[in-house]
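Student: Following this line is start_37.txt, made up of compact mmCIF, C-alpha atoms and all ligand atoms:
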# COMPACT_ATOMS: atom_id res chain seq x y z
CA MET A 1 0.00 0.00 0.00
CA ALA A 2 1.36 3.40 -0.87
CA PRO A 3 1.42 5.70 2.13
CA ASP A 4 -0.76 8.24 0.41
CA ARG A 5 -3.52 5.75 -0.24
CA VAL A 6 -6.50 6.75 1.79
CA LEU A 7 -8.45 4.28 3.83
CA GLY A 8 -11.19 2.70 1.88
CA GLY A 9 -9.78 1.08 -1.20
CA ARG A 10 -7.46 1.11 -4.14
CA ALA A 11 -9.61 3.05 -6.59
CA PRO A 12 -10.70 6.59 -5.88
CA PRO A 13 -13.40 6.00 -3.30
CA ALA A 14 -16.90 5.60 -4.64
CA PRO A 15 -19.59 7.33 -2.60
CA ALA A 16 -20.36 4.08 -0.79
CA ASP A 17 -16.69 3.80 0.17
CA GLN A 18 -16.74 7.17 1.86
CA ASP A 19 -18.18 5.49 4.89
CA ARG A 20 -15.26 3.11 5.03
CA ARG A 21 -12.66 5.80 5.53
CA PRO A 22 -11.92 6.91 9.08
CA GLY A 23 -13.66 10.18 9.50
CA GLY A 24 -14.63 10.02 5.83
CA SER A 25 -18.37 9.84 6.28
CA ARG A 26 -18.17 12.47 8.99
CA ALA A 27 -15.89 14.90 7.21
CA GLY A 28 -17.54 18.29 7.50
CA VAL A 29 -19.95 16.92 10.11
CA ALA A 30 -17.70 15.89 12.97
CA THR A 31 -14.71 17.98 14.00
CA LEU A 32 -11.74 16.06 15.28
CA ARG A 33 -9.97 17.76 18.19
CA LEU A 34 -6.75 16.29 19.51
CA ASP A 35 -6.33 18.95 22.23
CA HIS A 36 -6.09 16.36 24.96
CA VAL A 37 -2.52 15.66 23.88
CA ILE A 38 -0.15 18.48 24.78
CA GLY A 39 2.20 19.97 22.16
CA HIS A 40 2.94 18.51 18.71
CA GLU A 41 0.76 21.12 17.04
CA ARG A 42 2.07 20.36 13.53
CA VAL A 43 1.34 16.62 13.82
CA LYS A 44 -2.11 17.23 15.31
CA ALA A 45 -2.95 19.77 12.58
CA ALA A 46 -1.90 17.26 9.88
CA LEU A 47 -4.15 14.56 11.34
CA GLU A 48 -7.07 16.94 11.88
CA ARG A 49 -6.73 18.13 8.29
CA ALA A 50 -6.57 14.55 6.94
CA TRP A 51 -9.68 13.74 8.99
CA ARG A 52 -11.58 16.77 7.64
CA GLN A 53 -10.67 15.80 4.09
CA GLY A 54 -11.36 12.09 4.64
CA ARG A 55 -7.72 11.35 3.84
CA LEU A 56 -6.47 9.43 6.84
CA VAL A 57 -4.36 6.46 5.69
CA HIS A 58 -4.20 2.82 6.74
CA ALA A 59 -0.73 2.91 8.24
CA TYR A 60 1.13 5.57 10.17
CA LEU A 61 4.56 5.70 11.75
CA PHE A 62 4.72 8.03 14.76
CA ALA A 63 8.44 8.65 15.15
CA GLY A 64 10.29 10.69 17.74
CA PRO A 65 11.95 10.76 21.15
CA PRO A 66 10.57 8.65 24.01
CA GLN A 67 7.94 9.94 26.46
CA VAL A 68 6.76 12.89 24.38
CA GLY A 69 3.20 11.64 23.71
CA LYS A 70 3.40 9.54 20.53
CA ARG A 71 1.46 6.57 21.91
CA LEU A 72 -1.02 8.88 23.64
CA LEU A 73 -1.78 10.65 20.36
CA ALA A 74 -2.15 7.30 18.57
CA LEU A 75 -4.70 6.20 21.18
CA GLU A 76 -6.48 9.53 20.94
CA LEU A 77 -6.83 9.18 17.18
CA LEU A 78 -8.18 5.63 17.46
CA ARG A 79 -10.61 6.75 20.17
CA ALA A 80 -11.84 9.50 17.85
CA LEU A 81 -12.36 7.06 14.98
CA ASN A 82 -14.72 5.00 17.08
CA CYS A 83 -16.52 7.85 18.81
CA SER A 84 -19.94 8.89 17.48
CA ASP A 85 -20.00 12.37 19.00
CA PRO A 86 -19.91 15.41 16.67
CA ALA A 87 -16.67 16.45 18.43
CA PRO A 88 -14.69 13.23 18.76
CA PRO A 89 -13.21 11.95 20.94
CA CYS A 90 -15.88 13.07 23.42
CA GLY A 91 -14.53 11.13 26.41
CA ARG A 92 -18.10 10.37 27.58
CA CYS A 93 -19.59 7.77 25.23
CA ARG A 94 -19.23 4.04 25.87
CA SER A 95 -16.60 3.69 23.19
CA CYS A 96 -14.48 6.52 24.61
CA ARG A 97 -14.80 5.22 28.15
CA LEU A 98 -13.78 1.69 27.16
CA ALA A 99 -10.83 3.07 25.22
CA ALA A 100 -9.72 5.23 28.15
CA GLY A 101 -9.70 2.14 30.36
CA GLY A 102 -7.75 0.11 27.80
CA GLN A 103 -10.79 -2.14 27.37
CA HIS A 104 -12.01 -1.24 23.89
CA PRO A 105 -12.44 -4.44 21.86
CA ASP A 106 -11.50 -2.73 18.60
CA ILE A 107 -8.44 -0.82 19.82
CA ARG A 108 -5.45 -2.99 20.60
CA LEU A 109 -1.94 -2.25 21.72
CA PHE A 110 0.94 -4.53 20.79
CA GLY A 111 4.42 -4.16 22.17
CA LEU A 112 7.13 -5.60 24.38
CA ALA A 113 5.00 -5.25 27.50
CA GLU A 114 2.45 -7.55 25.91
CA SER A 115 5.05 -10.22 25.05
CA GLU A 116 4.61 -13.49 26.81
CA GLY A 117 7.46 -15.54 28.21
CA SER A 118 10.14 -15.35 30.85
CA GLY A 119 9.76 -11.63 31.44
CA ARG A 120 12.96 -10.64 29.67
CA ARG A 121 11.74 -8.29 27.02
CA GLN A 122 13.72 -8.47 23.83
CA ALA A 123 11.61 -8.36 20.72
CA ILE A 124 8.03 -8.22 19.52
CA ALA A 125 7.38 -11.79 18.46
CA ILE A 126 5.88 -13.06 15.24
CA GLU A 127 3.05 -14.65 17.25
CA GLN A 128 1.91 -11.16 18.26
CA VAL A 129 1.84 -10.03 14.63
CA ARG A 130 -0.05 -13.20 13.68
CA ALA A 131 -2.62 -12.40 16.38
CA LEU A 132 -2.94 -8.91 14.90
CA GLU A 133 -3.23 -10.37 11.40
CA HIS A 134 -6.04 -12.65 12.51
CA ASP A 135 -7.84 -9.93 14.45
CA CYS A 136 -7.70 -7.65 11.38
CA THR A 137 -9.85 -10.07 9.41
CA LEU A 138 -12.69 -9.82 11.93
CA LYS A 139 -15.35 -7.15 11.73
CA PRO A 140 -15.18 -4.38 14.34
CA TYR A 141 -17.04 -5.49 17.41
CA LEU A 142 -18.21 -2.20 18.84
CA GLY A 143 -17.08 0.72 16.73
CA ALA A 144 -16.64 1.30 13.02
CA TRP A 145 -12.88 0.69 12.89
CA LYS A 146 -10.27 -1.66 14.17
CA GLY A 147 -7.18 0.18 15.28
CA TYR A 148 -3.81 -1.26 16.26
CA ILE A 149 -0.84 0.39 17.89
CA ILE A 150 2.54 -1.28 17.68
CA ASP A 151 4.56 0.33 20.42
CA GLU A 152 8.37 0.32 20.28
CA ALA A 153 8.07 -0.92 16.70
CA GLU A 154 11.87 -0.90 16.36
CA ARG A 155 11.78 -4.01 18.53
CA LEU A 156 9.83 -6.07 15.98
CA SER A 157 11.76 -9.27 15.29
CA LEU A 158 12.68 -9.75 11.63
CA PRO A 159 10.02 -12.47 11.07
CA ALA A 160 7.46 -10.28 12.85
CA ALA A 161 8.38 -7.27 10.70
CA ASN A 162 8.09 -9.35 7.53
CA ALA A 163 4.68 -10.69 8.58
CA LEU A 164 3.51 -7.17 9.33
CA LEU A 165 4.72 -6.08 5.91
CA LYS A 166 2.23 -8.49 4.32
CA THR A 167 -0.63 -7.06 6.37
CA LEU A 168 0.36 -3.53 5.40
CA GLU A 169 0.39 -4.48 1.72
CA GLU A 170 -3.30 -5.42 1.73
CA PRO A 171 -4.88 -3.96 4.85
CA PRO A 172 -8.58 -4.71 5.31
CA PRO A 173 -10.58 -1.54 4.62
CA HIS A 174 -11.72 -1.08 8.22
CA VAL A 175 -8.21 -1.26 9.69
CA ILE A 176 -5.73 1.41 10.76
CA ILE A 177 -2.29 0.48 12.10
CA ILE A 178 -0.03 2.94 13.91
CA LEU A 179 3.62 2.08 14.47
CA VAL A 180 5.21 4.02 17.31
CA SER A 181 8.99 4.26 17.42
CA ARG A 182 11.75 6.18 19.15
CA GLN A 183 14.22 4.72 16.67
CA PRO A 184 12.62 4.60 13.22
CA GLU A 185 16.00 4.08 11.50
CA ALA A 186 16.08 0.60 13.06
CA LEU A 187 12.87 -0.40 11.22
CA LEU A 188 12.83 -2.28 7.92
CA PRO A 189 12.86 0.40 5.19
CA THR A 190 10.12 -1.50 3.34
CA LEU A 191 7.95 -1.23 6.45
CA VAL A 192 8.60 2.50 6.75
CA SER A 193 7.79 3.06 3.08
CA ARG A 194 4.31 1.60 3.58
CA CYS A 195 3.51 4.04 6.37
CA GLN A 196 2.96 7.75 6.42
CA THR A 197 5.58 9.04 8.84
CA LEU A 198 4.73 11.80 11.29
CA ARG A 199 7.68 13.16 13.27
CA PHE A 200 7.37 14.20 16.89
CA GLY A 201 9.83 16.51 18.64
CA LEU A 202 10.71 17.40 22.21
CA LEU A 203 8.38 19.80 24.00
CA ALA A 204 9.48 23.24 25.16
CA THR A 205 10.27 23.55 28.86
CA ALA A 206 7.63 26.29 29.26
CA VAL A 207 4.96 24.06 27.67
CA ILE A 208 5.80 21.23 30.09
CA GLU A 209 5.84 23.56 33.09
CA ARG A 210 2.41 25.01 32.23
CA ALA A 211 0.94 21.55 31.58
CA LEU A 212 2.23 20.24 34.91
CA ILE A 213 0.51 23.09 36.77
CA GLU A 214 -2.73 23.33 34.76
CA ARG A 215 -3.41 19.72 33.87
CA PHE A 216 -1.63 17.74 36.55
CA GLY A 217 -1.97 20.01 39.59
CA ALA A 218 1.75 20.40 40.30
CA ALA A 219 2.91 23.10 42.70
CA PRO A 220 4.72 25.81 40.68
CA PRO A 221 8.20 25.20 42.22
CA ASP A 222 7.93 21.42 41.54
CA ALA A 223 6.73 22.13 38.01
CA ALA A 224 9.68 24.44 37.34
CA LEU A 225 12.28 21.85 38.41
CA LEU A 226 10.59 18.86 36.76
CA ALA A 227 10.06 20.73 33.50
CA ARG A 228 13.82 21.39 33.32
CA LEU A 229 14.80 17.85 34.24
CA ALA A 230 12.28 16.40 31.75
CA GLN A 231 14.35 17.69 28.82
CA GLY A 232 11.37 17.90 26.53
CA ARG A 233 9.64 14.71 27.71
CA LEU A 234 6.33 15.53 29.35
CA GLY A 235 5.70 11.83 29.98
CA TRP A 236 8.78 11.68 32.19
CA ALA A 237 7.73 14.80 34.13
CA VAL A 238 4.22 13.47 34.75
CA ALA A 239 5.59 10.13 35.92
CA ALA A 240 8.11 11.86 38.19
CA LEU A 241 5.34 13.99 39.69
CA SER A 242 3.49 10.94 40.98
CA ASP A 243 6.48 8.68 41.62
CA ARG A 244 9.37 10.25 43.52
CA THR A 245 11.54 7.17 42.92
CA LEU A 246 12.29 8.59 39.44
CA LEU A 247 13.91 11.62 41.07
CA ASP A 248 15.71 9.39 43.57
CA GLU A 249 17.03 7.24 40.71
CA ARG A 250 18.25 10.33 38.95
CA GLN A 251 20.05 11.47 42.10
CA SER A 252 21.81 8.15 42.48
CA ALA A 253 22.64 7.90 38.74
CA LEU A 254 24.39 11.28 38.90
CA ALA A 255 26.11 10.50 42.21
CA ASP A 256 27.39 7.24 40.63
CA LEU A 257 28.72 9.13 37.63
CA GLU A 258 30.52 11.72 39.75
CA ARG A 259 32.02 8.96 41.92
CA LEU A 260 33.19 6.93 38.90
CA LEU A 261 35.17 9.92 37.62
CA GLY A 262 37.48 9.39 40.60
CA ALA A 263 37.38 5.57 40.48
CA GLU A 264 39.98 3.04 39.33
CA THR A 265 39.43 0.56 36.50
CA GLY A 266 38.32 -2.30 38.76
CA GLU A 267 35.54 -0.28 40.35
CA ARG A 268 34.41 0.98 36.96
CA LEU A 269 34.20 -2.52 35.51
CA ALA A 270 32.28 -3.82 38.52
CA TYR A 271 29.80 -0.97 38.07
CA ALA A 272 29.38 -1.82 34.37
CA GLU A 273 28.71 -5.44 35.26
CA HIS A 274 25.91 -4.54 37.69
CA TRP A 275 24.46 -2.13 35.17
CA ALA A 276 24.48 -4.81 32.46
CA GLN A 277 22.53 -7.11 34.80
CA LEU A 278 19.99 -4.33 35.26
CA VAL A 279 19.57 -4.17 31.47
CA GLY A 280 18.41 -7.79 31.62
CA ARG A 281 16.05 -7.24 34.55
CA ASP A 282 14.69 -3.80 33.86
CA PRO A 283 15.82 -2.27 30.53
CA ASP A 284 13.82 0.94 31.02
CA ARG A 285 15.59 1.69 34.31
CA ALA A 286 18.95 0.88 32.78
CA LEU A 287 18.28 3.24 29.87
CA ALA A 288 16.95 5.96 32.18
CA ARG A 289 20.35 6.00 33.88
CA LEU A 290 21.98 6.73 30.53
CA ASP A 291 19.50 9.58 29.95
CA CYS A 292 20.54 11.11 33.29
CA TRP A 293 24.20 10.81 32.37
CA LEU A 294 23.61 12.38 28.97
CA GLY A 295 21.88 15.38 30.53
CA TRP A 296 24.80 15.85 32.95
CA TRP A 297 27.41 15.80 30.15
CA ARG A 298 25.34 18.21 28.07
CA ASP A 299 25.25 20.54 31.06
CA LEU A 300 29.04 20.45 31.24
CA ILE A 301 29.19 21.32 27.53
CA PHE A 302 26.77 24.22 28.04
CA LEU A 303 28.94 25.59 30.86
CA HIS A 304 32.02 25.37 28.63
CA LEU A 305 30.11 27.22 25.91
CA GLY A 306 29.08 29.95 28.35
CA CYS A 307 25.37 29.05 28.38
CA PRO A 308 24.58 28.39 32.07
CA ASP A 309 20.88 29.13 31.42
CA LEU A 310 20.64 25.87 29.49
CA VAL A 311 21.90 23.76 32.41
CA VAL A 312 19.23 21.22 33.33
CA ASN A 313 20.74 19.70 36.48
CA VAL A 314 20.76 22.96 38.38
CA ASP A 315 21.30 21.14 41.67
CA ARG A 316 24.67 19.76 40.38
CA GLU A 317 25.93 23.03 39.01
CA ALA A 318 28.65 23.48 41.66
CA THR A 319 30.18 20.08 40.84
CA LEU A 320 29.90 20.71 37.11
CA ARG A 321 31.63 24.09 37.42
CA ALA A 322 34.45 22.53 39.45
CA LEU A 323 34.97 19.91 36.71
CA GLN A 324 35.20 22.48 33.93
CA ALA A 325 38.85 23.08 34.83
CA THR A 326 39.90 19.42 34.50
CA VAL A 327 37.55 18.12 31.77
CA PRO A 328 38.00 20.04 28.52
CA LEU A 329 35.13 20.71 26.11
CA ALA A 330 36.37 18.18 23.54
CA THR A 331 36.36 15.41 26.16
CA ALA A 332 32.86 16.34 27.35
CA ARG A 333 31.62 16.22 23.76
CA ALA A 334 33.23 12.85 23.12
CA VAL A 335 31.80 11.30 26.28
CA ALA A 336 28.32 12.76 25.62
CA SER A 337 28.29 11.22 22.18
CA GLN A 338 29.46 7.88 23.56
CA VAL A 339 26.64 7.94 26.15
CA ALA A 340 24.12 8.54 23.35
CA GLN A 341 25.72 5.79 21.27
CA THR A 342 25.54 3.39 24.21
CA ALA A 343 21.80 4.04 24.52
CA ASP A 344 21.44 3.13 20.83
CA TYR A 345 23.50 -0.03 21.36
CA LEU A 346 21.32 -1.15 24.26
CA ALA A 347 18.16 -0.50 22.24
CA GLN A 348 19.63 -2.60 19.43
CA ASN A 349 20.45 -5.53 21.70
CA VAL A 350 24.23 -5.14 21.43
CA ASN A 351 25.95 -7.02 24.28
CA PRO A 352 25.18 -4.62 27.17
CA ARG A 353 28.21 -5.55 29.22
CA LEU A 354 30.64 -4.74 26.40
CA ALA A 355 28.87 -1.47 25.59
CA LEU A 356 28.76 -0.34 29.24
CA GLU A 357 32.35 -1.40 29.99
CA SER A 358 33.54 0.60 27.05
CA LEU A 359 31.56 3.60 28.31
CA VAL A 360 32.79 3.57 31.92
CA LEU A 361 36.40 3.12 30.75
CA ALA A 362 36.02 6.13 28.46
CA LEU A 363 35.07 8.41 31.36
CA PRO A 364 37.89 10.87 32.09
CA ARG A 365 39.66 10.77 35.45
CA ARG A 366 39.43 13.85 37.54
ZN ZN B 401 -16.90 9.41 22.45
Could you write out this file's structure as structure tokens?
Tutor:
Amino acid sequence: MAPDRVLGGRAPPAPADQDRRPGGSRAGVATLRLDHVIGHERVKAALERAWRQGRLVHAYLFAGPPQVGKRLLALELLRALNCSDPAPPCGRCRSCRLAAGGQHPDIRLFGLAESEGSGRRQAIAIEQVRALEHDCTLKPYLGAWKGYIIDEAERLSLPAANALLKTLEEPPPHVIIILVSRQPEALLPTLVSRCQTLRFGLLATAVIERALIERFGAAPPDAALLARLAQGRLGWAVAALSDRTLLDERQSALADLERLLGAETGERLAYAEHWAQLVGRDPDRALARLDCWLGWWRDLIFLHLGCPDLVVNVDREATLRALQATVPLATARAVASQVAQTADYLAQNVNPRLALESLVLALPRR
């Protein structure tokens, strides 16, 4: 299927087909509003326009950094497709309520969290894609459309990606599939070419701060700090607001980093080994530690460049300023890029111990 092919068929849609395109029959009648999702105005405008014109397509790729709202917007769009209110998604009808509770029979989420097995999450298995394939052939149970979200699509196994490719070639007319990915370059190019890609960016600090206060009831001082630490990821800020362990983990990740700068090789390697074990047990936590480190190294770069206003970890500024004298800008840049590279390696299933050992050994000694 070409990405520009609208839902509803291969030929230009006949009048009867209009009803088979998401939003098609309601174009000009119902007005899609995706306001519930904060930011991403360009992406939301593109979807709202496609809805108005009855030109939503069968397959989308929502690509962009983690925790910025990609999956949320995908769910919001699928809720709207199955909502009968003139201003979908209304949030009140049965369909909207089921969707909000994750119980809608025609809206399904596939991803690593849904994988069965030993609990070690590695890849989205072909069995999951087969289940999707089978479900696609059934008529919608409650709403007009069957919608599928494939979260962390970069983790599709090769057989799973190939199976999905077949479904995307001939999608049933009532089906819409949204791939969500923080790392679209790791997807099969043939898969990407069958989707319409919408790119998401990081949110501005001021947007996050306002959202935390107005939508999530944060106290202004908390909102100011969290918005800075979030580095464009509202999802992280909202999670940190309700779960202080995220802030505690950040504290210990940065304390570990500062300690390792004064540590010998043996201590560094032991740390990498523990970290690699964490990758096996809890990959999200292991990756979050890298995010904290990356923010810290960026801060050091900003101080070198004379931009203290851009420092995110304001509570570590004294330590960072003290290190400026011993860690030159070029070193800070090199380590920051290695931290980012390590995050890519871990996402791609490169041997975590090797990747992390190489990182801790590359840290300068103060
Ligand atoms: Zn509704």
Student: Please measure the separation of atom CA of Ala125 of chain A and atom CA of Ala160 of chain A, giving the value in Å to one decimal.
Tutor: 5.8 Å
Student: Show me as a count of residues only the residues that reach within 12 Å of (4.2, 11.0, 32.6), counting all atoms listed in the file and using the file's own coordinates.
Tutor: 29
Student: Using all atoms listed in the file, which residues of chain A come within 7 Å of ligand ZN 401 (chain B), and what is the closest atom pair for each, with the distance in Å to one decimal? Give it as JSON lines, sorted by chain and residue number.
Tutor:
{"residue": "A:Ala80", "atom": "CA", "partner": "B:ZN401", "partner_atom": "ZN", "distance": 6.8}
{"residue": "A:Cys83", "atom": "CA", "partner": "B:ZN401", "partner_atom": "ZN", "distance": 4.0}
{"residue": "A:Ser84", "atom": "CA", "partner": "B:ZN401", "partner_atom": "ZN", "distance": 5.8}
{"residue": "A:Asp85", "atom": "CA", "partner": "B:ZN401", "partner_atom": "ZN", "distance": 5.5}
{"residue": "A:Pro88", "atom": "CA", "partner": "B:ZN401", "partner_atom": "ZN", "distance": 5.8}
{"residue": "A:Pro89", "atom": "CA", "partner": "B:ZN401", "partner_atom": "ZN", "distance": 4.7}
{"residue": "A:Cys90", "atom": "CA", "partner": "B:ZN401", "partner_atom": "ZN", "distance": 3.9}
{"residue": "A:Gly91", "atom": "CA", "partner": "B:ZN401", "partner_atom": "ZN", "distance": 4.9}
{"residue": "A:Arg92", "atom": "CA", "partner": "B:ZN401", "partner_atom": "ZN", "distance": 5.4}
{"residue": "A:Cys93", "atom": "CA", "partner": "B:ZN401", "partner_atom": "ZN", "distance": 4.2}
{"residue": "A:Arg94", "atom": "CA", "partner": "B:ZN401", "partner_atom": "ZN", "distance": 6.8}
{"residue": "A:Ser95", "atom": "CA", "partner": "B:ZN401", "partner_atom": "ZN", "distance": 5.8}
{"residue": "A:Cys96", "atom": "CA", "partner": "B:ZN401", "partner_atom": "ZN", "distance": 4.3}
Student: For the residues in the current selection, export C-alpha atoms as a JSON list (two decimals), in the frame of the given file.
Tutor:
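out-v2.json, written as the output of this step:
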[["chain", "number", "residue", "atom", "x", "y", "z"],
["A", 80, "ALA", "CA", -11.84, 9.50, 17.85],
["A", 83, "CYS", "CA", -16.52, 7.85, 18.81],
["A", 84, "SER", "CA", -19.94, 8.89, 17.48],
["A", 85, "ASP", "CA", -20.00, 12.37, 19.00],
["A", 88, "PRO", "CA", -14.69, 13.23, 18.76],
["A", 89, "PRO", "CA", -13.21, 11.95, 20.94],
["A", 90, "CYS", "CA", -15.88, 13.07, 23.42],
["A", 91, "GLY", "CA", -14.53, 11.13, 26.41],
["A", 92, "ARG", "CA", -18.10, 10.37, 27.58],
["A", 93, "CYS", "CA", -19.59, 7.77, 25.23],
["A", 94, "ARG", "CA", -19.23, 4.04, 25.87],
["A", 95, "SER", "CA", -16.60, 3.69, 23.19],
["A", 96, "CYS", "CA", -14.48, 6.52, 24.61]]
Student: Identify which of the residues A:Ser358, A:Thr319, A:Gln277, A:Gln348 lies closest to Val335 of chain A, counting all atoms listed in the file when measuring atom-to-atom distances.
Tutor: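 Comparing A:Ser358, A:Thr319, A:Gln277, A:Gln348 against Val335 of chain A, the winner is A:Ser358.
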Student: Go through A:Ala74, A:Ala218, A:Ala347, A:Val207 one by one, measure the shortest atom-to-atom distance of each to Asp151 of chain A using only C-alpha atoms, and give the residue with the smallest value.
Tutor: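 Selected residue with least distance to Asp151 of chain A: A:Ala74.
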Student: Just the residues within 7 Å of Phe110 of chain A, please, counting all atoms listed in the file, with nothing from its chain fewer than 2 positions along; format it as a ChimeraX atom specification.
Tutor: /A:108,114,149-151
Student: Just give me the gap between atom CA of Thr137 of chain A and atom CA of Ile124 of chain A in Å, one decimal is fine.
Tutor: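 Computing it gives 20.6 Å between the two atoms.
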Student: Which of these, A:Pro65, A:Pro159, A:Gly101, A:Gly54, has the shortest distance to Phe200 of chain A once you count only C-alpha atoms?
Tutor: A:Pro65
Student: Mind pulling up the distance from atom CA of Arg130 of chain A to atom CA of Leu168 of chain A?
Tutor: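 Interatomic distance here is 12.7 Å.
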